[in-house]
file work-v1.cif (mmCIF, C-alpha atoms)
data_query
#
loop_
_atom_site.group_PDB
_atom_site.id
_atom_site.type_symbol
_atom_site.label_atom_id
_atom_site.label_comp_id
_atom_site.auth_asym_id
_atom_site.auth_seq_id
_atom_site.Cartn_x
_atom_site.Cartn_y
_atom_site.Cartn_z
ATOM 1 C CA TRP A 1 205.488 64.050 123.271
ATOM 2 C CA TYR A 2 202.395 66.266 123.574
ATOM 3 C CA ARG A 3 201.789 64.745 127.025
ATOM 4 C CA THR A 4 205.057 66.152 128.403
ATOM 5 C CA PRO A 5 204.954 69.639 130.019
ATOM 6 C CA ARG A 6 207.000 71.149 127.180
ATOM 7 C CA GLY A 7 204.983 69.323 124.530
ATOM 8 C CA ARG A 8 201.672 70.423 126.035
ATOM 9 C CA TRP A 9 202.739 74.062 126.105
ATOM 10 C CA ILE A 10 204.131 74.041 122.561
ATOM 11 C CA GLY A 11 201.107 72.151 121.211
ATOM 12 C CA GLU A 12 198.681 74.546 122.877
ATOM 13 C CA THR A 13 200.600 77.590 121.616
ATOM 14 C CA GLU A 14 200.704 76.295 118.048
ATOM 15 C CA TYR A 15 197.041 75.312 118.102
ATOM 16 C CA ARG A 16 195.991 78.710 119.416
ATOM 17 C CA LEU A 17 197.861 80.379 116.548
ATOM 18 C CA LEU A 18 196.332 77.959 114.041
ATOM 19 C CA ARG A 19 192.768 78.684 115.193
ATOM 20 C CA GLU A 20 193.402 82.423 115.127
ATOM 21 C CA VAL A 21 194.963 82.513 111.653
ATOM 22 C CA LEU A 22 192.799 79.872 109.964
ATOM 23 C CA ALA A 23 189.603 81.294 111.506
ATOM 24 C CA PRO A 24 187.397 78.358 110.422
ATOM 25 C CA ARG A 25 183.652 78.813 110.358
ATOM 26 C CA PRO A 26 181.673 76.834 112.958
ATOM 27 C CA GLY A 27 180.973 73.268 111.855
ATOM 28 C CA ALA A 28 183.274 73.511 108.825
ATOM 29 C CA SER A 29 184.997 70.503 107.274
ATOM 30 C CA VAL A 30 188.791 70.395 107.657
ATOM 31 C CA LEU A 31 191.477 68.116 106.199
ATOM 32 C CA ASP A 32 194.644 67.555 108.261
ATOM 33 C CA VAL A 33 197.426 66.486 105.867
ATOM 34 C CA GLY A 34 200.188 64.494 107.537
ATOM 35 C CA CYS A 35 198.155 64.257 110.732
ATOM 36 C CA GLY A 36 200.593 61.898 112.478
ATOM 37 C CA THR A 37 199.154 60.734 115.797
ATOM 38 C CA GLY A 38 196.216 63.128 115.363
ATOM 39 C CA TYR A 39 196.972 65.846 117.921
ATOM 40 C CA PHE A 40 195.677 68.772 115.846
ATOM 41 C CA THR A 41 192.952 66.600 114.342
ATOM 42 C CA ARG A 42 191.553 65.817 117.788
ATOM 43 C CA ARG A 43 191.814 69.422 118.896
ATOM 44 C CA LEU A 44 189.772 70.605 115.903
ATOM 45 C CA ALA A 45 187.216 67.838 116.372
ATOM 46 C CA GLY A 46 186.885 68.812 120.006
ATOM 47 C CA ASP A 47 186.067 72.358 118.898
ATOM 48 C CA GLY A 48 183.193 71.100 116.764
ATOM 49 C CA PHE A 49 184.711 70.793 113.287
ATOM 50 C CA LYS A 50 184.263 67.852 110.908
ATOM 51 C CA ILE A 51 187.853 66.738 110.558
ATOM 52 C CA THR A 52 189.623 64.156 108.410
ATOM 53 C CA GLY A 53 193.222 63.192 109.104
ATOM 54 C CA ILE A 54 195.420 61.620 106.449
ATOM 55 C CA ASP A 55 198.944 60.244 106.836
ATOM 56 C CA SER A 56 201.174 57.896 104.863
ATOM 57 C CA SER A 57 202.181 55.947 107.980
ATOM 58 C CA PRO A 58 199.869 53.051 108.913
ATOM 59 C CA ALA A 59 201.325 53.070 112.441
ATOM 60 C CA MET A 60 200.432 56.740 112.916
ATOM 61 C CA ILE A 61 196.912 56.235 111.567
ATOM 62 C CA ASN A 62 196.397 53.202 113.796
ATOM 63 C CA HIS A 63 197.408 55.235 116.831
ATOM 64 C CA ALA A 64 195.154 58.135 115.832
ATOM 65 C CA GLN A 65 192.207 55.798 115.263
ATOM 66 C CA SER A 66 192.722 54.230 118.689
ATOM 67 C CA ARG A 67 191.958 57.631 120.236
ATOM 68 C CA ARG A 68 189.270 58.690 117.763
ATOM 69 C CA GLN A 69 186.367 60.754 119.017
ATOM 70 C CA THR A 70 183.154 62.032 117.463
ATOM 71 C CA GLY A 71 183.792 64.123 114.358
ATOM 72 C CA GLU A 72 187.126 62.496 113.436
ATOM 73 C CA GLU A 73 187.991 60.285 110.472
ATOM 74 C CA TYR A 74 191.415 58.884 109.599
ATOM 75 C CA ILE A 75 192.738 57.369 106.381
ATOM 76 C CA ILE A 76 196.098 56.289 104.988
ATOM 77 C CA GLY A 77 197.170 58.362 102.003
ATOM 78 C CA ASP A 78 199.842 60.442 100.271
ATOM 79 C CA ALA A 79 199.970 64.246 100.579
ATOM 80 C CA ARG A 80 201.199 64.411 96.984
ATOM 81 C CA ASP A 81 198.133 62.599 95.644
ATOM 82 C CA LEU A 82 195.185 63.212 97.945
ATOM 83 C CA PRO A 83 192.337 60.696 97.426
ATOM 84 C CA PHE A 84 189.555 63.300 97.450
ATOM 85 C CA PRO A 85 187.515 65.122 94.790
ATOM 86 C CA ASP A 86 188.055 68.798 94.029
ATOM 87 C CA GLN A 87 186.865 71.265 96.689
ATOM 88 C CA ARG A 88 185.931 68.483 99.100
ATOM 89 C CA PHE A 89 186.839 70.439 102.278
ATOM 90 C CA ASP A 90 186.258 73.963 103.545
ATOM 91 C CA TYR A 91 189.760 74.212 105.020
ATOM 92 C CA CYS A 92 193.012 72.269 104.862
ATOM 93 C CA ILE A 93 196.005 72.244 107.210
ATOM 94 C CA ALA A 94 199.439 70.603 107.259
ATOM 95 C CA ILE A 95 201.363 71.113 110.487
ATOM 96 C CA THR A 96 205.117 70.522 109.944
ATOM 97 C CA SER A 97 204.369 67.443 107.820
ATOM 98 C CA LEU A 98 205.545 69.087 104.582
ATOM 99 C CA CYS A 99 208.980 69.611 106.149
ATOM 100 C CA PHE A 100 209.620 65.910 105.591
ATOM 101 C CA ILE A 101 208.786 65.559 101.890
ATOM 102 C CA ARG A 102 210.687 66.918 98.905
ATOM 103 C CA GLU A 103 207.664 67.517 96.677
ATOM 104 C CA GLN A 104 206.273 70.319 98.799
ATOM 105 C CA GLU A 105 204.826 72.294 95.890
ATOM 106 C CA GLN A 106 203.014 69.202 94.634
ATOM 107 C CA ALA A 107 201.532 68.647 98.094
ATOM 108 C CA VAL A 108 200.419 72.284 98.365
ATOM 109 C CA ALA A 109 198.832 72.074 94.917
ATOM 110 C CA GLU A 110 196.867 69.027 96.080
ATOM 111 C CA MET A 111 195.776 70.855 99.226
ATOM 112 C CA VAL A 112 194.551 73.768 97.117
ATOM 113 C CA ARG A 113 192.715 71.411 94.769
ATOM 114 C CA VAL A 114 190.649 69.751 97.508
ATOM 115 C CA THR A 115 189.860 72.954 99.450
ATOM 116 C CA ARG A 116 187.140 75.578 99.024
ATOM 117 C CA ARG A 117 188.187 78.395 101.360
ATOM 118 C CA ARG A 118 191.605 78.494 103.004
ATOM 119 C CA ILE A 119 194.735 76.472 103.743
ATOM 120 C CA ALA A 120 197.313 76.824 106.523
ATOM 121 C CA ILE A 121 200.761 75.251 106.563
ATOM 122 C CA GLY A 122 202.926 74.930 109.668
ATOM 123 C CA LEU A 123 206.661 74.928 108.978
ATOM 124 C CA LEU A 124 209.928 74.892 110.924
ATOM 125 C CA ASN A 125 211.703 78.262 110.922
ATOM 126 C CA ARG A 126 215.343 78.372 109.884
ATOM 127 C CA CYS A 127 215.687 81.852 111.431
ATOM 128 C CA SER A 128 215.037 80.718 114.999
ATOM 129 C CA LEU A 129 216.713 79.600 118.179
ATOM 130 C CA LEU A 130 215.092 76.176 117.737
ATOM 131 C CA TYR A 131 216.973 75.727 114.452
ATOM 132 C CA ARG A 132 220.262 76.582 116.158
ATOM 133 C CA GLN A 133 219.529 73.985 118.835
ATOM 134 C CA LYS A 134 217.938 71.179 116.814
ATOM 135 C CA GLY A 135 218.117 71.793 113.084
ATOM 136 C CA ARG A 136 221.713 72.253 112.017
ATOM 137 C CA GLN A 137 223.795 69.562 110.330
ATOM 138 C CA GLY A 138 220.784 67.493 109.312
ATOM 139 C CA GLY A 139 218.861 67.902 112.541
ATOM 140 C CA ARG A 140 218.665 65.958 115.785
ATOM 141 C CA GLY A 141 215.987 63.750 117.329
ATOM 142 C CA ALA A 142 212.522 64.263 115.855
ATOM 143 C CA TYR A 143 213.930 67.003 113.617
ATOM 144 C CA GLN A 144 216.403 64.738 111.812
ATOM 145 C CA GLY A 145 216.012 65.104 108.052
ATOM 146 C CA ALA A 146 213.530 67.987 108.288
ATOM 147 C CA TYR A 147 213.678 70.940 105.912
ATOM 148 C CA TRP A 148 213.631 74.306 107.696
ATOM 149 C CA HIS A 149 212.063 77.246 105.855
ATOM 150 C CA THR A 150 212.567 80.979 106.086
ATOM 151 C CA ALA A 151 209.486 83.195 106.265
ATOM 152 C CA CYS A 152 210.191 84.328 102.684
ATOM 153 C CA GLU A 153 210.261 80.712 101.502
ATOM 154 C CA ALA A 154 207.000 79.992 103.314
ATOM 155 C CA ARG A 155 205.292 82.944 101.651
ATOM 156 C CA ALA A 156 206.741 82.057 98.238
ATOM 157 C CA LEU A 157 205.400 78.514 98.540
ATOM 158 C CA LEU A 158 201.848 79.881 98.789
ATOM 159 C CA VAL A 159 202.410 82.577 96.158
ATOM 160 C CA ARG A 160 203.412 79.919 93.634
ATOM 161 C CA ALA A 161 200.191 78.065 94.505
ATOM 162 C CA THR A 162 198.295 81.242 93.451
ATOM 163 C CA LEU A 163 196.736 81.730 96.892
ATOM 164 C CA LYS A 164 195.432 85.149 97.921
ATOM 165 C CA ASN A 165 195.596 87.213 101.149
ATOM 166 C CA ILE A 166 198.697 85.370 102.300
ATOM 167 C CA THR A 167 199.640 85.755 105.968
ATOM 168 C CA VAL A 168 202.728 84.417 107.779
ATOM 169 C CA ARG A 169 202.919 84.349 111.576
ATOM 170 C CA SER A 170 205.293 82.803 114.097
ATOM 171 C CA ALA A 171 205.357 81.250 117.575
ATOM 172 C CA ILE A 172 207.664 79.409 120.015
ATOM 173 C CA TYR A 173 210.352 82.074 120.329
ATOM 174 C CA LEU A 174 212.133 80.214 123.130
ATOM 175 C CA PRO A 175 211.858 76.417 122.697
ATOM 176 C CA SER A 176 211.257 75.592 126.349
ATOM 177 C CA ASP A 177 208.352 75.646 128.782
ATOM 178 C CA ASP A 178 209.828 77.782 131.550
ATOM 179 C CA VAL A 179 208.438 81.060 132.868
ATOM 180 C CA ALA A 180 210.721 83.193 130.666
ATOM 181 C CA ALA A 181 209.618 81.407 127.497
ATOM 182 C CA LYS A 182 205.937 81.855 128.328
ATOM 183 C CA CYS A 183 206.379 85.534 129.188
ATOM 184 C CA ILE A 184 208.245 86.213 125.951
ATOM 185 C CA GLU A 185 205.608 84.334 123.976
ATOM 186 C CA ARG A 186 202.917 86.649 125.338
ATOM 187 C CA ALA A 187 204.976 89.800 124.796
ATOM 188 C CA VAL A 188 206.384 89.261 121.304
ATOM 189 C CA PRO A 189 204.053 89.961 118.349
ATOM 190 C CA GLN A 190 203.342 87.015 116.081
ATOM 191 C CA SER A 191 204.405 89.156 113.120
ATOM 192 C CA LEU A 192 208.015 88.987 114.367
ATOM 193 C CA LEU A 193 208.951 85.939 112.341
ATOM 194 C CA LEU A 194 211.722 84.548 114.540
ATOM 195 C CA GLY A 195 209.931 81.752 116.403
ATOM 196 C CA GLY A 196 210.640 78.099 115.756
ATOM 197 C CA PHE A 197 207.143 77.612 114.304
ATOM 198 C CA LEU A 198 205.966 79.413 111.159
ATOM 199 C CA LEU A 199 202.325 79.354 110.075
ATOM 200 C CA ALA A 200 201.563 80.416 106.498
ATOM 201 C CA MET A 201 197.934 80.891 105.476
ATOM 202 C CA GLY A 202 196.291 81.745 102.158
ATOM 203 C CA ASP A 203 192.802 81.970 100.691
ATOM 204 C CA ILE A 204 191.699 79.878 97.731
ATOM 205 C CA PRO A 205 191.218 82.269 94.772
#

call {"tool": "encode", "arguments": {"input": "work-v1.cif", "output": "structure tokens"}}
result
Amino acid sequence: WYRTPRGRWIGETEYRLLREVLAPRPGASVLDVGCGTGYFTRRLAGDGFKITGIDSSPAMINHAQSRRQTGEEYIIGDARDLPFPDQRFDYCIAITSLCFIREQEQAVAEMVRVTRRRIAIGLLNRCSLLYRQKGRQGGRGAYQGAYWHTACEARALLVRATLKNITVRSAIYLPSDDVAAKCIERAVPQSLLLGGFLLAMGDIP
């Protein structure tokens, strides 16, 4: 999907927001929870970070490993029971993967446990045009079965995990790759939480 014109634009937009909000230190270690095919994992590795991707799907991990580059490591594992010691990573991310599990608070608690500095969670926004197009009545296509959060729910998820300096930002205001969508994306502030993609970040206390 990320190789299609729309996928490339959305992936690039989401990654740019992730880098800006997460603000990882050069050479830091990062865990990507629910890494899927490894798109964000590879992007972070390409920017010089030591990145580990974990996913419960053997097929996804096999695909990610087939495209592995320097600085990447992939393992099969459960977001609700991460197989790492406490404070193993500098940063931890989960990009829309938590939308597909019920035990979201348990997964966030595990992310906090294995992280030293900061976590960032990408979620699908219920207050967005994308939800109206793809998310209603159980969702369609790749969004089938996904849970869509509001910005308040995203913030509350991190508050309950006792994180500090919580920030919520948004992107993908028009879910297409045409000229209008790209112009609006540049013009609308990320603090207007109406895009299809929500990114919630918090510091480890």

call {"tool": "closest_residue", "arguments": {"input": "work-v1.cif", "among": "A:Ser128, A:Ala107, A:Ala171, A:Leu193", "to": "A:Arg155", "atoms": "all atoms listed in the file"}}
result
A:Leu193

call {"tool": "resolve_selection", "arguments": {"input": "work-v1.cif", "expression": "the PyMOL selection byres ((chain A and resi 73) around 8)", "output": "ChimeraX atom specification"}}
result
/A:51-53,65,68,71-72,74-75

call {"tool": "resolve_selection", "arguments": {"input": "work-v1.cif", "expression": "the PyMOL selection byres ((chain A and resi 111-125) around 7)", "output": "VMD selection string"}}
result
chain A and resid 22 84 to 96 99 107 to 110 126 to 128 131 148 to 150 195 to 204

call {"tool": "residues_around", "arguments": {"input": "work-v1.cif", "residues": "A:Lys50", "least_positions_apart": "2", "cutoff": "8 Å", "atoms": "only C-alpha atoms", "output": "ChimeraX atom specification"}}
result
/A:27-30,44-45,48,52,71-72

call {"tool": "write_last_selection", "arguments": {"input": "work-v1.cif", "atoms": "C-alpha atoms", "output": "short mmCIF file (atom, residue, chain, number, x, y, z; two decimals), in the frame of the given file"}}
result
data_model
loop_
_atom_site.label_atom_id
_atom_site.label_comp_id
_atom_site.auth_asym_id
_atom_site.auth_seq_id
_atom_site.Cartn_x
_atom_site.Cartn_y
_atom_site.Cartn_z
CA GLY A 27 180.97 73.27 111.86
CA ALA A 28 183.27 73.51 108.82
CA SER A 29 185.00 70.50 107.27
CA VAL A 30 188.79 70.40 107.66
CA LEU A 44 189.77 70.60 115.90
CA ALA A 45 187.22 67.84 116.37
CA GLY A 48 183.19 71.10 116.76
CA THR A 52 189.62 64.16 108.41
CA GLY A 71 183.79 64.12 114.36
CA GLU A 72 187.13 62.50 113.44
#

call {"tool": "axis_aligned_box", "arguments": {"input": "work-v1.cif", "around": "stretch 108-124 of chain A", "padding_each_side": "4 Å", "output": "AutoDock Vina command-line options"}}
result
--center_x 198.5 --center_y 73.8 --center_z 102.8 --size_x 30.8 --size_y 17.5 --size_z 24.2

call {"tool": "resolve_selection", "arguments": {"input": "work-v1.cif", "expression": "the PyMOL selection byres ((chain A and resi 60-63) around 8)", "output": "list of chain:residue names"}}
result
A:Gly36, A:Thr37, A:Gly38, A:Ile54, A:Asp55, A:Ser57, A:Pro58, A:Ala59, A:Ala64, A:Gln65, A:Ser66, A:Arg67, A:Tyr74, A:Ile75, A:Ile76

call {"tool": "write_last_selection", "arguments": {"input": "work-v1.cif", "atoms": "C-alpha atoms", "output": "short mmCIF file (atom, residue, chain, number, x, y, z; two decimals), in the coordinates of the input"}}
result
data_model
loop_
_atom_site.label_atom_id
_atom_site.label_comp_id
_atom_site.auth_asym_id
_atom_site.auth_seq_id
_atom_site.Cartn_x
_atom_site.Cartn_y
_atom_site.Cartn_z
CA GLY A 36 200.59 61.90 112.48
CA THR A 37 199.15 60.73 115.80
CA GLY A 38 196.22 63.13 115.36
CA ILE A 54 195.42 61.62 106.45
CA ASP A 55 198.94 60.24 106.84
CA SER A 57 202.18 55.95 107.98
CA PRO A 58 199.87 53.05 108.91
CA ALA A 59 201.32 53.07 112.44
CA ALA A 64 195.15 58.14 115.83
CA GLN A 65 192.21 55.80 115.26
CA SER A 66 192.72 54.23 118.69
CA ARG A 67 191.96 57.63 120.24
CA TYR A 74 191.42 58.88 109.60
CA ILE A 75 192.74 57.37 106.38
CA ILE A 76 196.10 56.29 104.99
#

call {"tool": "atom_distance", "arguments": {"input": "work-v1.cif", "atom1": "atom CA of A:Ser97", "atom2": "atom CA of A:Gln144"}}
result
13.0 Å

call {"tool": "atom_distance", "arguments": {"input": "work-v1.cif", "atom1": "atom CA of A:Ala180", "atom2": "atom CA of A:Gly7"}}
result
16.2 Å

call {"tool": "atom_distance", "arguments": {"input": "work-v1.cif", "atom1": "atom CA of A:Ile172", "atom2": "atom CA of A:Gly77"}}
result
29.6 Å

call {"tool": "residues_around", "arguments": {"input": "work-v1.cif", "residues": "A:Ser191", "least_positions_apart": "6", "cutoff": "9 Å", "atoms": "only C-alpha atoms", "output": "ChimeraX atom specification"}}
result
/A:168-170

call {"tool": "residues_around", "arguments": {"input": "work-v1.cif", "residues": "A:Ile101", "least_positions_apart": "3", "cutoff": "10 Å", "atoms": "all atoms listed in the file", "output": "PyMOL selection string"}}
result
chain A and resi 79-80+97-98+104-107+145-147

call {"tool": "closest_residue", "arguments": {"input": "work-v1.cif", "among": "A:Ala181, A:Leu82, A:Leu194, A:Ala154", "to": "A:Thr13", "atoms": "all atoms listed in the file"}}
result
A:Ala181

call {"tool": "decode", "arguments": {"input": "work-v1.cif", "residues": "stretch 63-79 of chain A", "atoms": "N, CA and C atoms", "output": "CSV table (one decimal), in the first residue's frame"}}
result
chain,number,residue,atom,x,y,z
A,63,HIS,N,7.9,-10.8,6.1
A,63,HIS,CA,8.0,-9.8,5.0
A,63,HIS,C,9.0,-8.6,5.4
A,64,ALA,N,8.9,-8.2,6.7
A,64,ALA,CA,9.8,-7.1,7.1
A,64,ALA,C,11.2,-7.6,7.1
A,65,GLN,N,11.5,-8.8,7.5
A,65,GLN,CA,12.8,-9.3,7.5
A,65,GLN,C,13.4,-9.5,6.1
A,66,SER,N,12.5,-9.7,5.2
A,66,SER,CA,13.0,-9.9,3.8
A,66,SER,C,13.5,-8.6,3.2
A,67,ARG,N,13.1,-7.4,3.8
A,67,ARG,CA,13.6,-6.1,3.4
A,67,ARG,C,14.5,-5.4,4.4
A,68,ARG,N,15.0,-6.2,5.3
A,68,ARG,CA,15.8,-5.6,6.5
A,68,ARG,C,17.0,-5.0,6.0
A,69,GLN,N,17.4,-3.9,6.6
A,69,GLN,CA,18.6,-3.1,6.3
A,69,GLN,C,19.4,-3.0,7.6
A,70,THR,N,20.5,-2.4,7.5
A,70,THR,CA,21.4,-2.1,8.7
A,70,THR,C,20.6,-1.3,9.7
A,71,GLY,N,20.7,-1.8,11.0
A,71,GLY,CA,20.1,-1.1,12.1
A,71,GLY,C,18.7,-1.6,12.4
A,72,GLU,N,18.2,-2.6,11.7
A,72,GLU,CA,16.8,-3.1,12.0
A,72,GLU,C,16.9,-4.5,12.6
A,73,GLU,N,16.0,-4.8,13.5
A,73,GLU,CA,15.8,-6.1,14.0
A,73,GLU,C,14.3,-6.4,14.1
A,74,TYR,N,13.9,-7.6,13.8
A,74,TYR,CA,12.5,-8.0,13.9
A,74,TYR,C,12.3,-9.2,14.7
A,75,ILE,N,11.2,-9.2,15.5
A,75,ILE,CA,10.9,-10.4,16.3
A,75,ILE,C,9.4,-10.6,16.4
A,76,ILE,N,8.9,-11.8,16.5
A,76,ILE,CA,7.5,-12.1,16.7
A,76,ILE,C,7.2,-11.9,18.2
A,77,GLY,N,6.1,-11.2,18.6
A,77,GLY,CA,5.8,-11.0,20.0
A,77,GLY,C,4.5,-10.3,20.1
A,78,ASP,N,4.0,-10.3,21.4
A,78,ASP,CA,2.7,-9.7,21.7
A,78,ASP,C,2.9,-8.4,22.4
A,79,ALA,N,2.1,-7.4,21.9
A,79,ALA,CA,2.2,-6.0,22.5
A,79,ALA,C,1.8,-6.0,23.9
